$ cat work28.pdb   # PDB, C-alpha atoms
ATOM      1  CA  MET A   9     -73.477  -1.394  -0.280
ATOM      2  CA  PHE A  10     -74.506   1.256   2.178
ATOM      3  CA  ASP A  11     -71.547   2.965   3.817
ATOM      4  CA  PRO A  12     -72.554   5.755   6.261
ATOM      5  CA  HIS A  13     -69.983   7.949   8.030
ATOM      6  CA  ILE A  14     -70.495  10.701  10.594
ATOM      7  CA  ALA A  15     -69.419  14.076   9.194
ATOM      8  CA  GLY A  16     -70.260  16.049  12.329
ATOM      9  CA  ASP A  17     -72.446  16.539  15.362
ATOM     10  CA  VAL A  18     -75.020  19.330  15.615
ATOM     11  CA  ASN A  19     -76.558  19.475  19.087
ATOM     12  CA  ASP A  20     -78.399  16.123  19.481
ATOM     13  CA  ALA A  21     -78.254  15.367  15.755
ATOM     14  CA  GLN A  22     -75.632  14.089  13.353
ATOM     15  CA  VAL A  23     -74.733  14.919   9.786
ATOM     16  CA  LYS A  24     -74.013  11.629   7.994
ATOM     17  CA  ILE A  25     -72.634  11.028   4.530
ATOM     18  CA  ALA A  26     -73.150   7.707   2.762
ATOM     19  CA  LYS A  27     -72.568   5.971  -0.524
ATOM     20  CA  PHE A  28     -75.806   4.231  -1.447
ATOM     21  CA  GLY A  29     -76.077   0.721  -2.805
ATOM     22  CA  ALA A  30     -78.640  -0.537  -5.299
ATOM     23  CA  THR A  31     -81.655  -0.934  -2.989
ATOM     24  CA  PHE A  32     -82.062  -0.448   0.752
ATOM     25  CA  ASP A  33     -84.553  -2.140   3.090
ATOM     26  CA  TRP A  34     -88.144  -0.983   3.564
ATOM     27  CA  HIS A  35     -88.224   0.693   6.971
ATOM     28  CA  SER A  36     -89.594   3.558   9.036
ATOM     29  CA  HIS A  37     -88.386   5.584  11.998
ATOM     30  CA  GLU A  38     -90.929   5.748  14.807
ATOM     31  CA  ALA A  39     -89.635   8.932  16.460
ATOM     32  CA  GLU A  40     -87.377  10.681  13.917
ATOM     33  CA  ASP A  41     -87.708  12.542  10.655
ATOM     34  CA  GLU A  42     -84.948  11.741   8.156
ATOM     35  CA  ALA A  43     -83.500  14.301   5.726
ATOM     36  CA  PHE A  44     -81.684  13.450   2.472
ATOM     37  CA  LEU A  45     -79.539  15.813   0.355
ATOM     38  CA  VAL A  46     -78.039  14.276  -2.787
ATOM     39  CA  LEU A  47     -74.414  15.357  -3.185
ATOM     40  CA  ARG A  48     -73.506  13.167  -6.180
ATOM     41  CA  GLY A  49     -75.551  11.011  -8.542
ATOM     42  CA  ARG A  50     -79.266  10.277  -8.396
ATOM     43  CA  ILE A  51     -81.450   8.320  -5.968
ATOM     44  CA  ALA A  52     -85.086   7.431  -5.513
ATOM     45  CA  ILE A  53     -86.968   7.223  -2.259
ATOM     46  CA  ASP A  54     -89.743   4.675  -2.639
ATOM     47  CA  PHE A  55     -92.936   4.982  -0.645
ATOM     48  CA  ARG A  56     -95.743   2.445  -0.594
ATOM     49  CA  ASP A  57     -97.810   4.781  -2.809
ATOM     50  CA  GLY A  58     -95.074   5.915  -5.229
ATOM     51  CA  SER A  59     -91.501   7.159  -5.570
ATOM     52  CA  VAL A  60     -89.651  10.468  -5.505
ATOM     53  CA  GLU A  61     -86.536  10.796  -7.672
ATOM     54  CA  LEU A  62     -83.782  13.098  -6.456
ATOM     55  CA  ASP A  63     -80.959  14.613  -8.529
ATOM     56  CA  GLU A  64     -77.758  16.227  -7.285
ATOM     57  CA  GLY A  65     -78.682  19.135  -5.038
ATOM     58  CA  ASP A  66     -82.210  17.870  -4.338
ATOM     59  CA  PHE A  67     -83.419  17.645  -0.737
ATOM     60  CA  LEU A  68     -86.211  15.588   0.820
ATOM     61  CA  VAL A  69     -87.494  15.087   4.366
ATOM     62  CA  VAL A  70     -89.168  11.768   5.157
ATOM     63  CA  PRO A  71     -91.474  12.328   8.157
ATOM     64  CA  LYS A  72     -91.301   9.952  11.109
ATOM     65  CA  THR A  73     -93.429   6.780  10.842
ATOM     66  CA  VAL A  74     -93.500   6.920   7.012
ATOM     67  CA  GLU A  75     -92.283   3.650   5.499
ATOM     68  CA  HIS A  76     -89.679   4.205   2.786
ATOM     69  CA  ARG A  77     -86.861   2.550   0.843
ATOM     70  CA  PRO A  78     -83.926   4.459  -0.678
ATOM     71  CA  ARG A  79     -82.377   3.133  -3.884
ATOM     72  CA  SER A  80     -79.704   4.201  -6.338
ATOM     73  CA  LEU A  81     -80.474   5.454  -9.819
ATOM     74  CA  THR A  82     -76.767   5.917 -10.625
ATOM     75  CA  GLU A  83     -73.692   4.008  -9.491
ATOM     76  CA  GLU A  84     -72.670   4.816  -5.879
ATOM     77  CA  PRO A  85     -74.527   8.071  -5.304
ATOM     78  CA  VAL A  86     -73.371  10.081  -2.288
ATOM     79  CA  VAL A  87     -76.041  11.414   0.063
ATOM     80  CA  LEU A  88     -75.919  13.678   3.112
ATOM     81  CA  MET A  89     -78.411  12.769   5.826
ATOM     82  CA  PHE A  90     -79.362  14.838   8.848
ATOM     83  CA  GLU A  91     -80.985  12.974  11.729
ATOM     84  CA  PRO A  92     -80.896  12.528  15.521
ATOM     85  CA  ALA A  93     -77.680  10.841  16.693
ATOM     86  CA  THR A  94     -79.678   7.896  18.050
ATOM     87  CA  THR A  95     -81.225   7.057  14.656
ATOM     88  CA  VAL A  96     -80.489   3.548  13.401
ATOM     89  CA  ASN A  97     -80.188   3.509   9.613
ATOM     90  CA  THR A  98     -82.662   0.638   9.130
ATOM     91  CA  GLY A  99     -85.161   2.049  11.625
ATOM     92  CA  ASN A 100     -87.633  -0.639  12.664
ATOM     93  CA  ALA A 101     -86.169  -3.286  10.287
ATOM     94  CA  GLU A 102     -82.967  -5.010  11.401
ATOM     95  CA  SER A 103     -81.001  -6.622   8.568
ATOM     96  CA  THR A 104     -77.519  -7.125   7.184
ATOM     97  CA  LEU A 105     -77.637  -3.429   6.182
ATOM     98  CA  THR A 106     -78.041  -2.271   9.800
ATOM     99  CA  VAL A 107     -75.038  -0.199  10.923
ATOM    100  CA  THR A 108     -74.731   0.596  14.626
ATOM    101  CA  GLU A 109     -71.067   1.703  14.784
ATOM    102  CA  LEU A 110     -70.334   4.457  12.279
ATOM    103  CA  ASN A 111     -66.881   5.736  11.412
ATOM    104  CA  ARG A 112     -66.186   9.469  11.459
ATOM    105  CA  LEU A 113     -64.816  11.397   8.516
TER     106      LEU A 113
END

$ encode --input "work28.pdb" --output "structure tokens"
Amino acid sequence: MFDPHIAGDVNDAQVKIAKFGATFDWHSHEAEDEAFLVLRGRIAIDFRDGSVELDEGDFLVVPKTVEHRPRSLTEEPVVLMFEPATTVNTGNAESTLTVTELNRL
């Protein structure tokens, strides 16, 4: 499960909060950086050359064009993401996890 919601708008960007499922799709964002702040639980961001594990309170920016795959290390972690409003969650990889219409909190 990946369940993103819009928490607020900041200029041309959005603050999104999501519960993460077990493993997300490999993807990249051609024109946008993507920022992750873990609010609850633990996640890993996999890269083709390794992984970064994030605990509650940890923050990571994935630069544009870098292929990555988020995954849960605990059950239903909650993550805040900060990205341009036009960012599609699966970037260049369309799948059943792609969400184009997000609910607002």

$ closest_residue --input "work28.pdb" --among "A:Glu42, A:Glu75, A:Val86, A:Arg50" --to "Ala21 in chain A" --atoms "all atoms listed in the file"
A:Glu42

$ closest_residue --input "work28.pdb" --among "A:Ala15, A:Ile51, A:Ile25, A:Leu68" --to "Leu88 in chain A" --atoms "all atoms listed in the file"
A:Ile25

$ atom_distance --input "work28.pdb" --atom1 "CA of Ala43 in chain A" --atom2 "CA of Gln22 in chain A"
11.0 Å

$ residues_around --input "work28.pdb" --residues "Pro78 in chain A" --least-positions-apart "2" --cutoff "6 Å" --atoms "all atoms listed in the file" --output "PyMOL selection string"
chain A and resi 32+52-53

$ residues_around --input "work28.pdb" --residues "Asp11 in chain A" --least-positions-apart "6" --cutoff "8 Å" --atoms "all atoms listed in the file" --output "PyMOL selection string"
chain A and resi 26-28

$ closest_residue --input "work28.pdb" --among "A:Leu81, A:Ala93, A:Ile14, A:Val23" --to "Val60 in chain A" --atoms "all atoms listed in the file"
A:Leu81

$ atom_distance --input "work28.pdb" --atom1 "CA of Phe90 in chain A" --atom2 "CA of Ala39 in chain A"
14.1 Å

$ atom_distance --input "work28.pdb" --atom1 "CA of Asn111 in chain A" --atom2 "CA of Met89 in chain A"
14.6 Å

$ resolve_selection --input "work28.pdb" --expression "the PyMOL selection byres ((chain A and resi 48) around 9)" --output "MDAnalysis selection string"
chainID A and resid 46:47 49:50 63:65 84:87

$ closest_residue --input "work28.pdb" --among "A:Glu83, A:Phe10, A:Leu62, A:Leu113" --to "Asp33 in chain A" --atoms "all atoms listed in the file"
A:Phe10

$ resolve_selection --input "work28.pdb" --expression "the PyMOL selection byres ((chain A and resi 55) around 12)" --output "PyMOL selection string"
chain A and resi 33-36+52-54+56-61+70-71+73-79

$ build_atoms --input "work28.pdb" --residues "range 61-72 of chain A" --atoms "all heavy atoms" --output "PDB file, keeping the file's coordinate frame"
ATOM      1  N   GLU A  61     -87.899  10.853  -7.153  1.00  0.00           N
ATOM      2  CA  GLU A  61     -86.536  10.796  -7.672  1.00  0.00           C
ATOM      3  C   GLU A  61     -85.822  12.091  -7.336  1.00  0.00           C
ATOM      4  O   GLU A  61     -86.386  13.177  -7.485  1.00  0.00           O
ATOM      5  CB  GLU A  61     -86.552  10.556  -9.184  1.00  0.00           C
ATOM      6  CG  GLU A  61     -87.077   9.187  -9.547  1.00  0.00           C
ATOM      7  CD  GLU A  61     -86.946   8.858 -11.023  1.00  0.00           C
ATOM      8  OE1 GLU A  61     -86.402   9.681 -11.799  1.00  0.00           O
ATOM      9  OE2 GLU A  61     -87.399   7.765 -11.401  1.00  0.00           O
ATOM     10  N   LEU A  62     -84.572  11.950  -6.877  1.00  0.00           N
ATOM     11  CA  LEU A  62     -83.782  13.098  -6.456  1.00  0.00           C
ATOM     12  C   LEU A  62     -82.489  13.170  -7.257  1.00  0.00           C
ATOM     13  O   LEU A  62     -81.762  12.173  -7.368  1.00  0.00           O
ATOM     14  CB  LEU A  62     -83.452  12.997  -4.968  1.00  0.00           C
ATOM     15  CG  LEU A  62     -84.638  12.902  -4.002  1.00  0.00           C
ATOM     16  CD1 LEU A  62     -84.151  12.604  -2.592  1.00  0.00           C
ATOM     17  CD2 LEU A  62     -85.441  14.179  -4.027  1.00  0.00           C
ATOM     18  N   ASP A  63     -82.201  14.347  -7.809  1.00  0.00           N
ATOM     19  CA  ASP A  63     -80.959  14.613  -8.529  1.00  0.00           C
ATOM     20  C   ASP A  63     -79.974  15.302  -7.592  1.00  0.00           C
ATOM     21  O   ASP A  63     -80.330  15.694  -6.475  1.00  0.00           O
ATOM     22  CB  ASP A  63     -81.235  15.534  -9.723  1.00  0.00           C
ATOM     23  CG  ASP A  63     -82.073  14.860 -10.796  1.00  0.00           C
ATOM     24  OD1 ASP A  63     -81.759  13.719 -11.163  1.00  0.00           O
ATOM     25  OD2 ASP A  63     -83.044  15.499 -11.260  1.00  0.00           O
ATOM     26  N   GLU A  64     -78.752  15.492  -8.070  1.00  0.00           N
ATOM     27  CA  GLU A  64     -77.758  16.227  -7.285  1.00  0.00           C
ATOM     28  C   GLU A  64     -78.335  17.576  -6.865  1.00  0.00           C
ATOM     29  O   GLU A  64     -78.921  18.288  -7.670  1.00  0.00           O
ATOM     30  CB  GLU A  64     -76.488  16.446  -8.106  1.00  0.00           C
ATOM     31  CG  GLU A  64     -75.708  15.180  -8.317  1.00  0.00           C
ATOM     32  CD  GLU A  64     -74.418  15.383  -9.091  1.00  0.00           C
ATOM     33  OE1 GLU A  64     -73.944  16.534  -9.193  1.00  0.00           O
ATOM     34  OE2 GLU A  64     -73.874  14.392  -9.587  1.00  0.00           O
ATOM     35  N   GLY A  65     -78.186  17.877  -5.576  1.00  0.00           N
ATOM     36  CA  GLY A  65     -78.682  19.135  -5.038  1.00  0.00           C
ATOM     37  C   GLY A  65     -80.108  19.076  -4.526  1.00  0.00           C
ATOM     38  O   GLY A  65     -80.563  20.005  -3.873  1.00  0.00           O
ATOM     39  N   ASP A  66     -80.825  17.999  -4.811  1.00  0.00           N
ATOM     40  CA  ASP A  66     -82.210  17.870  -4.338  1.00  0.00           C
ATOM     41  C   ASP A  66     -82.235  17.427  -2.876  1.00  0.00           C
ATOM     42  O   ASP A  66     -81.365  16.692  -2.415  1.00  0.00           O
ATOM     43  CB  ASP A  66     -82.994  16.868  -5.181  1.00  0.00           C
ATOM     44  CG  ASP A  66     -83.355  17.402  -6.557  1.00  0.00           C
ATOM     45  OD1 ASP A  66     -83.238  18.617  -6.781  1.00  0.00           O
ATOM     46  OD2 ASP A  66     -83.745  16.581  -7.415  1.00  0.00           O
ATOM     47  N   PHE A  67     -83.273  17.869  -2.174  1.00  0.00           N
ATOM     48  CA  PHE A  67     -83.419  17.645  -0.737  1.00  0.00           C
ATOM     49  C   PHE A  67     -84.819  17.124  -0.461  1.00  0.00           C
ATOM     50  O   PHE A  67     -85.788  17.592  -1.050  1.00  0.00           O
ATOM     51  CB  PHE A  67     -83.192  18.979  -0.010  1.00  0.00           C
ATOM     52  CG  PHE A  67     -83.316  18.912   1.479  1.00  0.00           C
ATOM     53  CD1 PHE A  67     -82.296  18.401   2.255  1.00  0.00           C
ATOM     54  CD2 PHE A  67     -84.458  19.393   2.113  1.00  0.00           C
ATOM     55  CE1 PHE A  67     -82.397  18.356   3.637  1.00  0.00           C
ATOM     56  CE2 PHE A  67     -84.575  19.354   3.491  1.00  0.00           C
ATOM     57  CZ  PHE A  67     -83.544  18.834   4.256  1.00  0.00           C
ATOM     58  N   LEU A  68     -84.912  16.148   0.460  1.00  0.00           N
ATOM     59  CA  LEU A  68     -86.211  15.588   0.820  1.00  0.00           C
ATOM     60  C   LEU A  68     -86.211  15.210   2.292  1.00  0.00           C
ATOM     61  O   LEU A  68     -85.235  14.640   2.785  1.00  0.00           O
ATOM     62  CB  LEU A  68     -86.501  14.328  -0.011  1.00  0.00           C
ATOM     63  CG  LEU A  68     -87.792  13.588   0.310  1.00  0.00           C
ATOM     64  CD1 LEU A  68     -89.006  14.371  -0.202  1.00  0.00           C
ATOM     65  CD2 LEU A  68     -87.782  12.191  -0.295  1.00  0.00           C
ATOM     66  N   VAL A  69     -87.302  15.525   2.983  1.00  0.00           N
ATOM     67  CA  VAL A  69     -87.494  15.087   4.366  1.00  0.00           C
ATOM     68  C   VAL A  69     -88.556  13.995   4.361  1.00  0.00           C
ATOM     69  O   VAL A  69     -89.656  14.184   3.830  1.00  0.00           O
ATOM     70  CB  VAL A  69     -87.937  16.249   5.277  1.00  0.00           C
ATOM     71  CG1 VAL A  69     -88.260  15.743   6.684  1.00  0.00           C
ATOM     72  CG2 VAL A  69     -86.866  17.327   5.333  1.00  0.00           C
ATOM     73  N   VAL A  70     -88.214  12.854   4.967  1.00  0.00           N
ATOM     74  CA  VAL A  70     -89.168  11.768   5.157  1.00  0.00           C
ATOM     75  C   VAL A  70     -89.667  11.876   6.591  1.00  0.00           C
ATOM     76  O   VAL A  70     -88.885  11.716   7.540  1.00  0.00           O
ATOM     77  CB  VAL A  70     -88.532  10.387   4.900  1.00  0.00           C
ATOM     78  CG1 VAL A  70     -89.536   9.282   5.184  1.00  0.00           C
ATOM     79  CG2 VAL A  70     -88.004  10.290   3.473  1.00  0.00           C
ATOM     80  N   PRO A  71     -90.948  12.173   6.800  1.00  0.00           N
ATOM     81  CA  PRO A  71     -91.474  12.328   8.157  1.00  0.00           C
ATOM     82  C   PRO A  71     -91.423  11.007   8.942  1.00  0.00           C
ATOM     83  O   PRO A  71     -91.505   9.919   8.366  1.00  0.00           O
ATOM     84  CB  PRO A  71     -92.923  12.755   7.937  1.00  0.00           C
ATOM     85  CG  PRO A  71     -92.985  13.267   6.540  1.00  0.00           C
ATOM     86  CD  PRO A  71     -91.964  12.467   5.785  1.00  0.00           C
ATOM     87  N   LYS A  72     -91.291  11.139  10.251  1.00  0.00           N
ATOM     88  CA  LYS A  72     -91.301   9.952  11.109  1.00  0.00           C
ATOM     89  C   LYS A  72     -92.542   9.109  10.829  1.00  0.00           C
ATOM     90  O   LYS A  72     -93.575   9.639  10.406  1.00  0.00           O
ATOM     91  CB  LYS A  72     -91.216  10.342  12.582  1.00  0.00           C
ATOM     92  CG  LYS A  72     -92.396  11.142  13.076  1.00  0.00           C
ATOM     93  CD  LYS A  72     -92.168  11.553  14.508  1.00  0.00           C
ATOM     94  CE  LYS A  72     -93.299  12.471  14.952  1.00  0.00           C
ATOM     95  NZ  LYS A  72     -93.066  12.992  16.282  1.00  0.00           N
TER      96      LYS A  72
END
